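Content type compact mmCIF, C-alpha atoms, from the file target.txt:
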```
# COMPACT_ATOMS: atom_id res chain seq x y z
CA MET L 1 10.04 -19.65 -6.41
CA LEU L 2 7.55 -18.30 -8.91
CA ASP L 3 4.35 -20.32 -9.28
CA TYR L 4 4.27 -20.73 -13.06
CA GLN L 5 0.80 -22.31 -13.20
CA THR L 6 -0.77 -19.39 -11.32
CA ALA L 7 1.23 -16.92 -13.39
CA LYS L 8 0.06 -18.60 -16.61
CA SER L 9 -3.62 -18.47 -15.71
CA GLN L 10 -3.32 -14.81 -14.64
CA LEU L 11 -1.47 -13.94 -17.84
CA LEU L 12 -4.16 -15.63 -19.95
CA GLN L 13 -6.86 -13.68 -18.07
CA GLN L 14 -4.96 -10.42 -18.56
CA LYS L 15 -4.42 -11.15 -22.26
CA GLN L 16 -8.13 -11.77 -22.82
CA MET L 17 -9.07 -8.65 -20.89
CA HIS L 18 -6.67 -6.44 -22.89
CA LEU L 19 -7.69 -8.04 -26.21
CA ASP L 20 -11.31 -7.20 -25.39
CA VAL L 21 -10.27 -3.60 -24.68
CA CYS L 22 -8.40 -3.49 -28.02
CA TYR L 23 -11.45 -4.82 -29.95
CA PHE L 24 -13.60 -2.22 -28.23
CA LEU L 25 -11.15 0.57 -29.13
CA GLU L 26 -10.81 -0.59 -32.74
CA GLU L 27 -14.59 -0.48 -33.16
CA ILE L 28 -14.81 3.19 -32.27
CA ASP L 29 -15.76 4.98 -35.51
CA SER L 30 -16.31 8.46 -34.26
CA ASP L 31 -14.16 10.87 -36.36
CA PHE L 32 -13.16 12.69 -33.24
CA HIS L 33 -12.01 9.59 -31.30
CA GLU L 34 -10.92 7.10 -33.99
CA ASN L 35 -7.23 8.08 -34.23
CA ALA L 36 -6.77 8.28 -30.50
CA ALA L 37 -8.55 4.95 -30.00
CA ASN L 38 -6.39 3.20 -32.64
CA THR L 39 -3.22 4.66 -31.14
CA LEU L 40 -4.27 3.49 -27.69
CA ALA L 41 -5.10 -0.01 -29.01
CA ASN L 42 -1.65 -0.21 -30.65
CA ARG L 43 0.01 0.93 -27.46
CA ILE L 44 -1.84 -1.73 -25.44
CA GLU L 45 -0.79 -4.40 -27.95
CA LYS L 46 2.85 -3.34 -27.93
CA LEU L 47 3.27 -2.58 -24.23
CA VAL L 48 0.97 -5.12 -22.61
CA ILE L 49 -0.12 -7.95 -24.92
CA GLU L 50 3.30 -8.60 -26.53
CA PRO L 51 5.13 -8.97 -23.17
CA ILE L 52 2.28 -11.26 -22.03
CA ASN L 53 2.78 -13.42 -25.16
CA VAL L 54 6.53 -13.59 -24.48
CA ALA L 55 5.88 -14.52 -20.84
CA LEU L 56 3.44 -17.26 -21.92
CA LYS L 57 6.03 -18.70 -24.33
CA ILE L 58 8.64 -18.60 -21.55
CA ILE L 59 6.26 -20.54 -19.28
CA ASP L 60 5.68 -23.07 -22.10
CA VAL L 61 9.44 -23.62 -22.40
CA ILE L 62 9.81 -23.86 -18.61
CA GLU L 63 7.08 -26.53 -18.53
CA MET L 64 8.87 -28.36 -21.36
CA ILE L 65 12.26 -28.28 -19.59
CA GLY L 66 10.98 -28.80 -16.06
CA GLU L 67 10.88 -26.14 -13.34
CA ASP L 68 13.92 -27.49 -11.47
CA GLN L 69 15.97 -27.94 -14.64
CA ILE L 70 16.20 -24.26 -15.61
CA PRO L 71 19.78 -22.93 -15.52
CA SER L 72 20.12 -20.22 -12.87
CA ILE L 73 21.50 -17.73 -15.39
CA VAL L 74 18.32 -17.76 -17.53
CA SER L 75 15.94 -18.51 -14.67
CA VAL L 76 16.50 -15.04 -13.16
CA ARG L 77 15.96 -13.35 -16.53
CA TRP L 78 12.83 -15.36 -17.36
CA ASN L 79 11.27 -14.83 -13.91
CA GLN L 80 11.87 -11.11 -14.29
CA GLN L 81 10.20 -11.07 -17.73
CA ILE L 82 7.16 -12.98 -16.39
CA LEU L 83 6.84 -10.64 -13.38
CA GLU L 84 7.16 -7.56 -15.61
CA ALA L 85 4.43 -8.90 -17.93
CA LEU L 86 2.17 -9.56 -14.93
CA SER L 87 2.94 -6.12 -13.54
CA LYS L 88 2.19 -4.38 -16.86
CA GLY L 89 -1.00 -6.39 -17.19
CA GLY L 90 -2.29 -4.89 -13.96
CA PHE L 91 -1.87 -7.76 -11.49
CA GLU L 92 0.61 -8.35 -8.72
CA ILE L 93 1.30 -11.92 -7.64
CA GLU L 94 2.86 -13.26 -4.49
CA PHE L 95 5.90 -15.55 -4.71
CA MET F 1 57.28 -69.36 22.90
CA ASN F 2 58.93 -69.42 19.51
CA SER F 3 55.96 -71.07 17.81
CA GLU F 4 53.62 -68.50 19.37
CA LEU F 5 55.88 -65.71 18.07
CA ILE F 6 55.91 -67.25 14.60
CA GLU F 7 52.11 -67.52 14.63
CA ARG F 8 51.84 -63.86 15.68
CA LEU F 9 54.27 -62.80 12.96
CA LYS F 10 52.37 -64.84 10.38
CA THR F 11 49.14 -63.08 11.40
CA ILE F 12 50.86 -59.70 10.98
CA ASP F 13 52.22 -60.83 7.62
CA PHE F 14 48.74 -61.91 6.49
CA ARG F 15 47.18 -58.63 7.59
CA LEU F 16 49.94 -56.63 5.88
CA LYS F 17 49.30 -58.50 2.62
CA GLU F 18 45.55 -57.92 3.03
CA SER F 19 46.18 -54.20 3.62
CA LYS F 20 48.46 -54.11 0.57
CA ALA F 21 45.59 -55.32 -1.61
CA TRP F 22 43.28 -52.68 -0.12
CA PHE F 23 45.87 -49.92 -0.56
CA ARG F 24 46.17 -50.98 -4.20
CA LEU F 25 42.36 -50.84 -4.52
CA LEU F 26 42.26 -47.33 -3.04
CA GLU F 27 45.16 -46.26 -5.25
CA ASN F 28 43.33 -47.46 -8.36
CA TYR F 29 40.18 -45.66 -7.25
CA CYS F 30 42.11 -42.45 -6.54
CA ARG F 31 43.67 -42.60 -10.01
CA SER F 32 40.22 -43.11 -11.55
CA LEU F 33 38.78 -40.19 -9.54
CA ASN F 34 41.79 -38.03 -10.35
CA HIS F 35 41.35 -38.74 -14.05
CA ASP F 36 37.66 -37.76 -13.99
CA ILE F 37 38.35 -34.61 -11.99
CA PHE F 38 41.21 -33.76 -14.35
CA LEU F 39 38.84 -33.95 -17.34
CA ILE F 40 36.21 -31.82 -15.59
CA ASN F 41 38.85 -29.33 -14.51
CA MET F 42 40.14 -29.01 -18.08
CA SER F 43 36.61 -28.29 -19.24
CA LEU F 44 35.23 -26.07 -16.47
CA GLU F 45 38.55 -24.43 -15.47
CA ASP F 46 37.05 -23.72 -12.03
CA GLU F 47 38.65 -23.47 -8.59
CA CYS F 48 36.66 -26.29 -6.96
CA SER F 49 37.81 -29.00 -9.36
CA THR F 50 41.38 -27.61 -9.18
CA ILE F 51 41.40 -27.94 -5.37
CA CYS F 52 39.71 -31.34 -5.66
CA ARG F 53 42.57 -32.47 -7.95
CA ILE F 54 45.09 -31.22 -5.38
CA GLN F 55 43.32 -33.14 -2.61
CA THR F 56 43.12 -36.31 -4.70
CA ASP F 57 46.84 -35.99 -5.47
CA SER F 58 47.52 -35.59 -1.73
CA TRP F 59 45.54 -38.74 -1.03
CA LEU F 60 47.47 -40.60 -3.70
CA CYS F 61 50.74 -39.45 -2.07
CA GLU F 62 49.51 -40.64 1.34
CA ILE F 63 48.48 -44.00 -0.13
CA GLU F 64 51.87 -44.41 -1.80
CA ASN F 65 53.57 -43.53 1.48
CA GLN F 66 51.48 -46.16 3.28
CA GLN F 67 52.26 -48.69 0.53
CA THR F 68 56.00 -48.06 0.94
CA LEU F 69 55.77 -48.60 4.71
CA ASN F 70 53.58 -51.66 4.15
CA LEU F 71 56.23 -53.19 1.87
CA LYS F 72 58.99 -52.32 4.35
CA PHE F 73 57.15 -53.98 7.26
CA GLU F 74 56.19 -56.94 5.13
CA ALA F 75 59.87 -57.51 4.29
CA ILE F 76 60.86 -57.17 7.97
CA VAL F 77 58.12 -59.55 9.14
CA SER F 78 59.00 -62.03 6.41
CA LYS F 79 62.67 -61.99 7.47
CA LEU F 80 61.74 -62.28 11.15
CA ILE F 81 59.55 -65.32 10.37
CA SER F 82 62.46 -66.96 8.50
CA ILE F 83 64.90 -66.17 11.30
CA SER F 84 62.52 -67.38 14.00
CA THR F 85 61.78 -70.57 12.06
CA GLU F 86 65.49 -71.27 11.73
CA ASP F 87 65.96 -70.53 15.44
CA CYS F 88 68.60 -67.93 14.63
CA PHE F 89 66.95 -65.15 16.64
CA ASN F 90 69.47 -62.57 17.79
CA GLU F 91 68.96 -59.75 20.29
CA LYS F 92 70.38 -57.32 17.74
CA LEU F 93 67.13 -57.74 15.83
CA ASN F 94 65.12 -56.37 18.77
CA HIS F 95 64.83 -52.85 17.35
CA HIS F 96 62.75 -54.25 14.45
CA PHE F 97 60.13 -55.28 16.97
CA THR F 98 59.34 -51.66 17.89
CA HIS F 99 57.21 -51.09 14.79
CA ILE F 100 56.13 -54.69 14.55
CA SER F 101 54.74 -54.52 18.10
CA GLU F 102 52.68 -51.46 17.09
CA LEU F 103 51.28 -53.41 14.16
CA ASP F 104 50.54 -56.34 16.46
CA ALA F 105 48.82 -54.05 19.01
CA SER F 106 46.62 -52.52 16.30
CA ILE F 107 45.66 -55.94 15.00
CA GLN F 108 44.87 -57.21 18.51
CA ASP F 109 43.05 -53.96 19.27
CA GLY F 110 40.08 -54.69 17.07
CA TYR F 111 41.48 -54.47 13.59
CA LEU F 112 39.65 -57.64 12.65
CA SER F 113 36.29 -56.08 13.52
CA GLY F 114 37.16 -52.99 11.52
CA MET F 115 37.47 -50.88 14.67
CA ALA F 116 41.20 -50.20 14.94
CA ASN F 117 41.56 -47.61 17.67
CA ARG F 118 45.31 -47.41 17.26
CA PRO F 119 45.91 -47.02 13.53
CA VAL F 120 49.54 -47.59 12.50
CA ASP F 121 51.38 -46.80 9.32
CA GLY F 122 51.46 -49.55 6.73
CA LEU F 123 48.27 -51.22 7.91
CA MET F 124 44.81 -50.31 6.66
CA PRO F 125 42.89 -49.15 9.75
CA CYS F 126 39.64 -50.70 8.56
CA ILE F 127 38.12 -53.48 6.54
CA ILE F 128 37.18 -52.48 3.02
CA GLY F 129 33.91 -54.33 2.52
CA GLU F 130 33.04 -56.31 -0.60
CA SER F 131 30.34 -53.80 -1.55
CA ILE F 132 32.93 -50.99 -1.63
CA GLU F 133 35.30 -53.18 -3.64
CA ASP F 134 32.48 -53.86 -6.14
CA ASN F 135 31.60 -50.17 -6.34
CA ILE F 136 35.23 -49.26 -7.03
CA CYS F 137 35.54 -51.93 -9.73
CA LYS F 138 32.29 -50.83 -11.38
CA LEU F 139 33.40 -47.17 -11.34
CA GLU F 140 36.73 -48.10 -12.89
CA VAL F 141 35.02 -50.10 -15.65
CA ARG F 142 32.56 -47.27 -16.32
CA GLY F 143 35.53 -44.90 -16.44
CA LEU F 144 36.60 -46.62 -19.65
CA HIS F 145 33.43 -45.45 -21.41
CA THR F 146 33.36 -42.03 -23.04
CA LEU F 147 30.58 -39.88 -21.63
CA SER F 148 28.67 -38.05 -24.32
CA CYS F 149 26.84 -35.37 -22.35
CA TRP F 150 26.93 -33.40 -19.09
CA GLU F 151 23.96 -35.37 -17.75
CA GLU F 152 26.09 -38.53 -17.80
CA TRP F 153 28.84 -36.62 -15.97
CA THR F 154 26.38 -35.66 -13.22
CA MET F 155 25.66 -39.36 -12.71
CA ARG F 156 29.39 -40.19 -12.65
CA ILE F 157 30.10 -37.50 -10.04
CA ALA F 158 27.11 -38.64 -7.98
CA GLU F 159 28.58 -42.17 -7.95
CA HIS F 160 31.94 -40.77 -6.80
CA ILE F 161 30.22 -38.81 -4.00
CA ILE F 162 28.39 -41.92 -2.75
CA LEU F 163 31.62 -43.94 -2.77
CA VAL F 164 33.80 -41.25 -1.15
CA ASN F 165 31.14 -40.75 1.56
CA LYS F 166 31.34 -44.47 2.32
CA LEU F 167 35.13 -44.21 2.55
CA VAL F 168 34.92 -41.15 4.84
CA SER F 169 33.25 -43.20 7.55
CA LEU F 170 35.93 -45.92 7.45
CA PHE F 171 39.02 -44.06 8.60
CA PRO F 172 39.56 -43.08 12.25
CA ALA F 173 40.36 -39.41 12.93
CA SER F 174 43.94 -40.19 13.91
CA HIS F 175 44.75 -41.85 10.58
CA PRO F 176 46.50 -39.84 7.81
CA PHE F 177 43.58 -40.63 5.45
CA SER F 178 40.89 -39.30 7.77
CA SER F 179 40.54 -35.69 6.58
CA ILE F 180 41.36 -36.12 2.89
CA PRO F 181 38.26 -38.11 1.81
CA CYS F 182 36.21 -35.63 3.87
CA SER F 183 37.62 -32.67 1.92
CA ILE F 184 37.21 -34.54 -1.37
CA SER F 185 33.56 -35.26 -0.54
CA ILE F 186 32.87 -31.57 0.15
CA LEU F 187 34.69 -30.51 -3.01
CA LEU F 188 32.95 -33.15 -5.12
CA ASN F 189 29.60 -31.79 -3.95
CA GLN F 190 30.65 -28.32 -5.14
CA VAL F 191 31.90 -29.72 -8.46
CA ASN F 192 28.60 -31.60 -8.77
CA LYS F 193 26.67 -28.32 -8.51
CA LEU F 194 28.68 -26.89 -11.42
CA VAL F 195 28.24 -30.06 -13.48
CA VAL F 196 24.48 -30.09 -12.78
CA GLU F 197 24.31 -26.45 -13.94
CA GLN F 198 26.14 -27.42 -17.15
CA SER F 199 23.67 -30.26 -17.64
CA LYS F 200 20.78 -27.80 -17.24
CA LEU F 201 22.35 -25.41 -19.75
CA GLU F 202 22.86 -28.29 -22.19
CA LYS F 203 19.25 -29.46 -21.86
CA THR F 204 17.81 -25.93 -22.15
CA LEU F 205 19.91 -25.15 -25.23
CA LYS F 206 18.77 -28.38 -26.86
CA ILE F 207 15.11 -27.48 -26.33
CA LEU F 208 15.50 -23.84 -27.41
CA THR F 209 17.31 -24.80 -30.62
CA ASN F 210 15.07 -27.77 -31.37
CA SER F 211 13.64 -27.51 -34.92
CA ARG F 212 10.13 -28.16 -33.58
CA ALA F 213 10.39 -25.11 -31.36
CA ASN F 214 11.44 -22.73 -34.14
CA SER F 215 8.69 -20.34 -33.18
CA HIS F 216 10.67 -19.60 -30.01
CA ASP F 217 13.88 -18.63 -31.85
CA ALA F 218 13.19 -14.91 -32.08
CA ILE F 219 12.19 -14.60 -28.43
CA PHE F 220 14.97 -16.77 -27.03
CA GLY F 221 17.80 -15.62 -29.33
CA LEU F 222 19.54 -13.74 -26.52
CA ASP F 223 19.06 -16.66 -24.10
CA VAL F 224 20.61 -19.03 -26.64
CA LEU F 225 23.64 -16.74 -26.90
CA ILE F 226 23.98 -16.49 -23.10
CA ILE F 227 23.70 -20.28 -22.72
CA GLN F 228 26.20 -20.92 -25.52
CA GLU F 229 28.65 -18.60 -23.79
CA LYS F 230 28.24 -20.31 -20.41
CA LEU F 231 28.13 -23.89 -21.69
CA CYS F 232 31.55 -25.55 -21.39
CA PRO F 233 32.71 -28.31 -23.73
CA ILE F 234 31.95 -31.86 -22.60
CA PRO F 235 35.07 -33.36 -20.95
CA ILE F 236 36.81 -35.62 -23.45
CA VAL F 237 38.90 -38.59 -22.41
CA GLY F 238 42.53 -38.01 -23.26
CA GLY F 239 46.04 -38.31 -21.90
CA GLU F 240 46.77 -36.49 -18.67
CA GLN F 241 49.39 -33.78 -18.90
```
Please re-express this file's structure in structure tokens.
Amino acid sequence: MLDYQTAKSQLLQQKQMHLDVCYFLEEIDSDFHENAANTLANRIEKLVIEPINVALKIIDVIEMIGEDQIPSIVSVRWNQQILEALSKGGFEIEF
Amino acid sequence: MNSELIERLKTIDFRLKESKAWFRLLENYCRSLNHDIFLINMSLEDECSTICRIQTDSWLCEIENQQTLNLKFEAIVSKLISISTEDCFNEKLNHHFTHISELDASIQDGYLSGMANRPVDGLMPCIIGESIEDNICKLEVRGLHTLSCWEEWTMRIAEHIILVNKLVSLFPASHPFSSIPCSISILLNQVNKLVVEQSKLEKTLKILTNSRANSHDAIFGLDVLIIQEKLCPIPIVGGEQ
């Protein structure tokens, strides 16, 4: 079974790390690099930070419902979404 | 000799009447269980509850069969007591003693201590304790209340499982009742898993569609649809077809 508390803390760390990268990229004002930096920041937000936000909301709902009260049909889907977010964020966790 | 025979016959008569009351108790419980399983089956339309209904029906048939034999033996014993009291005993009545002697042997064999090693038709092979009687009565009374959610159904099924498990241990392997409560217990556990899953779906849907959690709507829209598709209607009390 997935350890949601560990997953949550790792997701929060990843989110902060990627937000810092985005701020850094958005502050680049060199004419040569600005467009590329903005594009990269947008890509990070869409592909990494958004799935992390979804995963964090899923964990919030799981905590609200109770870990052992999640229906099996959504549990599989939600676990997969959390693992994908963790994977995209650059960490692998053991479960 | 005659007075001893009359005493023996009176004991058999008493035990037959006692068994009749217990058969009636089990019959009432079976009908209550059958009704609950019928409602769940109508809602879930699954194989487990269908087979559980079949098994409960089989048990009801066995109980009715035992009740018929109980009444038959009770009538015979009653007549034999009257005949013996009037000193009109005739050797032609001997063949009636074949079954009566089996009943007598079972009673003498430890029936009173609830350890009948030679169960016979028409006589309950065990003592149904007061706690079981109370549990059955409580379940029947609760059966009159309409359950409003799947969570309440999980509690009802759990109560049935506890009671059926108690009944499983009462009947010796050679008795016609022995395997049926066993099968019902196994099937009820399977039905319970499905009911618990429905309860989880119900609870999750309630939280996901809660007005306070509106921020989740966009993310969990697909989950809500999946849950709504899988969530079966709550069993409603109605007439059995």
Check: which chain F residues lie within 6 Å of chain L using only C-alpha atoms, as a PyMOL selection string: chain F and resi 197+200-201
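CA of Asp121 in chain F to CA of Leu69 in chain F spans 6.6 Å [interatomic distance, one decimal].
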Residues within 10 Å of range 2-19 of chain L, please, as a ChimeraX atom specification. Count all atoms listed in the file; anything in the same chain fewer than 3 positions from it doesn't count. /L:22-25,41,44-45,48-53,55-60,62-63,67,79-80,82-83,85-95
How about saving the chosen residues, C-alpha atoms kept, as a PDB file, keeping the file's coordinate frame?
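This went into part-v9.pdb:
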```pdb
ATOM      1  CA  CYS L  22      -8.400  -3.490 -28.020  1.00  0.00           C
ATOM      2  CA  TYR L  23     -11.450  -4.820 -29.950  1.00  0.00           C
ATOM      3  CA  PHE L  24     -13.600  -2.220 -28.230  1.00  0.00           C
ATOM      4  CA  LEU L  25     -11.150   0.570 -29.130  1.00  0.00           C
ATOM      5  CA  ALA L  41      -5.100  -0.010 -29.010  1.00  0.00           C
ATOM      6  CA  ILE L  44      -1.840  -1.730 -25.440  1.00  0.00           C
ATOM      7  CA  GLU L  45      -0.790  -4.400 -27.950  1.00  0.00           C
ATOM      8  CA  VAL L  48       0.970  -5.120 -22.610  1.00  0.00           C
ATOM      9  CA  ILE L  49      -0.120  -7.950 -24.920  1.00  0.00           C
ATOM     10  CA  GLU L  50       3.300  -8.600 -26.530  1.00  0.00           C
ATOM     11  CA  PRO L  51       5.130  -8.970 -23.170  1.00  0.00           C
ATOM     12  CA  ILE L  52       2.280 -11.260 -22.030  1.00  0.00           C
ATOM     13  CA  ASN L  53       2.780 -13.420 -25.160  1.00  0.00           C
ATOM     14  CA  ALA L  55       5.880 -14.520 -20.840  1.00  0.00           C
ATOM     15  CA  LEU L  56       3.440 -17.260 -21.920  1.00  0.00           C
ATOM     16  CA  LYS L  57       6.030 -18.700 -24.330  1.00  0.00           C
ATOM     17  CA  ILE L  58       8.640 -18.600 -21.550  1.00  0.00           C
ATOM     18  CA  ILE L  59       6.260 -20.540 -19.280  1.00  0.00           C
ATOM     19  CA  ASP L  60       5.680 -23.070 -22.100  1.00  0.00           C
ATOM     20  CA  ILE L  62       9.810 -23.860 -18.610  1.00  0.00           C
ATOM     21  CA  GLU L  63       7.080 -26.530 -18.530  1.00  0.00           C
ATOM     22  CA  GLU L  67      10.880 -26.140 -13.340  1.00  0.00           C
ATOM     23  CA  ASN L  79      11.270 -14.830 -13.910  1.00  0.00           C
ATOM     24  CA  GLN L  80      11.870 -11.110 -14.290  1.00  0.00           C
ATOM     25  CA  ILE L  82       7.160 -12.980 -16.390  1.00  0.00           C
ATOM     26  CA  LEU L  83       6.840 -10.640 -13.380  1.00  0.00           C
ATOM     27  CA  ALA L  85       4.430  -8.900 -17.930  1.00  0.00           C
ATOM     28  CA  LEU L  86       2.170  -9.560 -14.930  1.00  0.00           C
ATOM     29  CA  SER L  87       2.940  -6.120 -13.540  1.00  0.00           C
ATOM     30  CA  LYS L  88       2.190  -4.380 -16.860  1.00  0.00           C
ATOM     31  CA  GLY L  89      -1.000  -6.390 -17.190  1.00  0.00           C
ATOM     32  CA  GLY L  90      -2.290  -4.890 -13.960  1.00  0.00           C
ATOM     33  CA  PHE L  91      -1.870  -7.760 -11.490  1.00  0.00           C
ATOM     34  CA  GLU L  92       0.610  -8.350  -8.720  1.00  0.00           C
ATOM     35  CA  ILE L  93       1.300 -11.920  -7.640  1.00  0.00           C
ATOM     36  CA  GLU L  94       2.860 -13.260  -4.490  1.00  0.00           C
ATOM     37  CA  PHE L  95       5.900 -15.550  -4.710  1.00  0.00           C
TER      38      PHE L  95
END
```
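When all atoms listed in the file are used to compute distances to Ile107 in chain F, the closest of the residues F:Thr85, F:Thr11, F:Thr146, F:Thr68 turns out to be F:Thr11.
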note - CA of Leu26 in chain F and CA of Leu80 in chain F are separated by 28.4 Å
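Using all atoms listed in the file, the protein and nucleic acid residues lying at most 10 Å from the point (34.1, -51.9, -2.2) are Trp22, Leu25, Leu26, Ile127, Ile128, Gly129, Glu130, Ser131, Ile132, Glu133, Asp134, Asn135, Ile136, Cys137, Lys138, Leu163, Lys166 and Leu167 of chain F.
For the pair CA of Met124 in chain F and CA of His35 in chain F, the interatomic distance is 24.0 Å.
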Test item: which residues lie within 10 Å of (39.9, -31.1, -18.1) counting only C-alpha atoms, as a list in words: His35, Asp36, Ile37, Phe38, Leu39, Ile40, Asn41, Met42, Ser43, Leu44, Glu45, Asp46, Ser49, Thr50, Pro233, Ile234, Pro235, Ile236, Val237, Gly238, Glu240 and Gln241 of chain F
Kindly indicate which residue among F:Ile12, F:Ile184, F:Val164, F:Ile51 lies nearest to His99 in chain F, using all atoms listed in the file for the distances. F:Ile12
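With all atoms listed in the file as the atoms that count, the residue of F:Val120, F:Val195, F:Ile186, F:Leu71 with the shortest distance to Asp104 in chain F is F:Val120.
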Do a neighbour search on Glu26 in chain L at 12 Å with all atoms listed in the file, toss out local chain neighbours closer than 4 positions, and write the hits as a list of chain:residue names. L:Leu19, L:Asp20, L:Val21, L:Cys22, L:Ser30, L:His33, L:Glu34, L:Asn35, L:Ala36, L:Ala37, L:Asn38, L:Thr39, L:Leu40, L:Ala41, L:Asn42, L:Ile44, L:Glu45
Generate the output file for the selected residues, C-alpha atoms, as a PDB file, in the frame of the given file.
```pdb
ATOM      1  CA  LEU L  19      -7.690  -8.040 -26.210  1.00  0.00           C
ATOM      2  CA  ASP L  20     -11.310  -7.200 -25.390  1.00  0.00           C
ATOM      3  CA  VAL L  21     -10.270  -3.600 -24.680  1.00  0.00           C
ATOM      4  CA  CYS L  22      -8.400  -3.490 -28.020  1.00  0.00           C
ATOM      5  CA  SER L  30     -16.310   8.460 -34.260  1.00  0.00           C
ATOM      6  CA  HIS L  33     -12.010   9.590 -31.300  1.00  0.00           C
ATOM      7  CA  GLU L  34     -10.920   7.100 -33.990  1.00  0.00           C
ATOM      8  CA  ASN L  35      -7.230   8.080 -34.230  1.00  0.00           C
ATOM      9  CA  ALA L  36      -6.770   8.280 -30.500  1.00  0.00           C
ATOM     10  CA  ALA L  37      -8.550   4.950 -30.000  1.00  0.00           C
ATOM     11  CA  ASN L  38      -6.390   3.200 -32.640  1.00  0.00           C
ATOM     12  CA  THR L  39      -3.220   4.660 -31.140  1.00  0.00           C
ATOM     13  CA  LEU L  40      -4.270   3.490 -27.690  1.00  0.00           C
ATOM     14  CA  ALA L  41      -5.100  -0.010 -29.010  1.00  0.00           C
ATOM     15  CA  ASN L  42      -1.650  -0.210 -30.650  1.00  0.00           C
ATOM     16  CA  ILE L  44      -1.840  -1.730 -25.440  1.00  0.00           C
ATOM     17  CA  GLU L  45      -0.790  -4.400 -27.950  1.00  0.00           C
TER      18      GLU L  45
END
```
Using all atoms listed in the file, can you tell me which of F:Leu208, F:Leu103, F:Ile219, F:Val191 comes closest to Gln81 in chain L? F:Ile219
Surrounding residues of Ile100 in chain F excluding itself and chain neighbours under 4 positions, 9 Å, only C-alpha atoms, as a list in words: Leu9, Ile12, Phe73, Ile76, Val77, His96, Asp104 and Ala105 of chain F
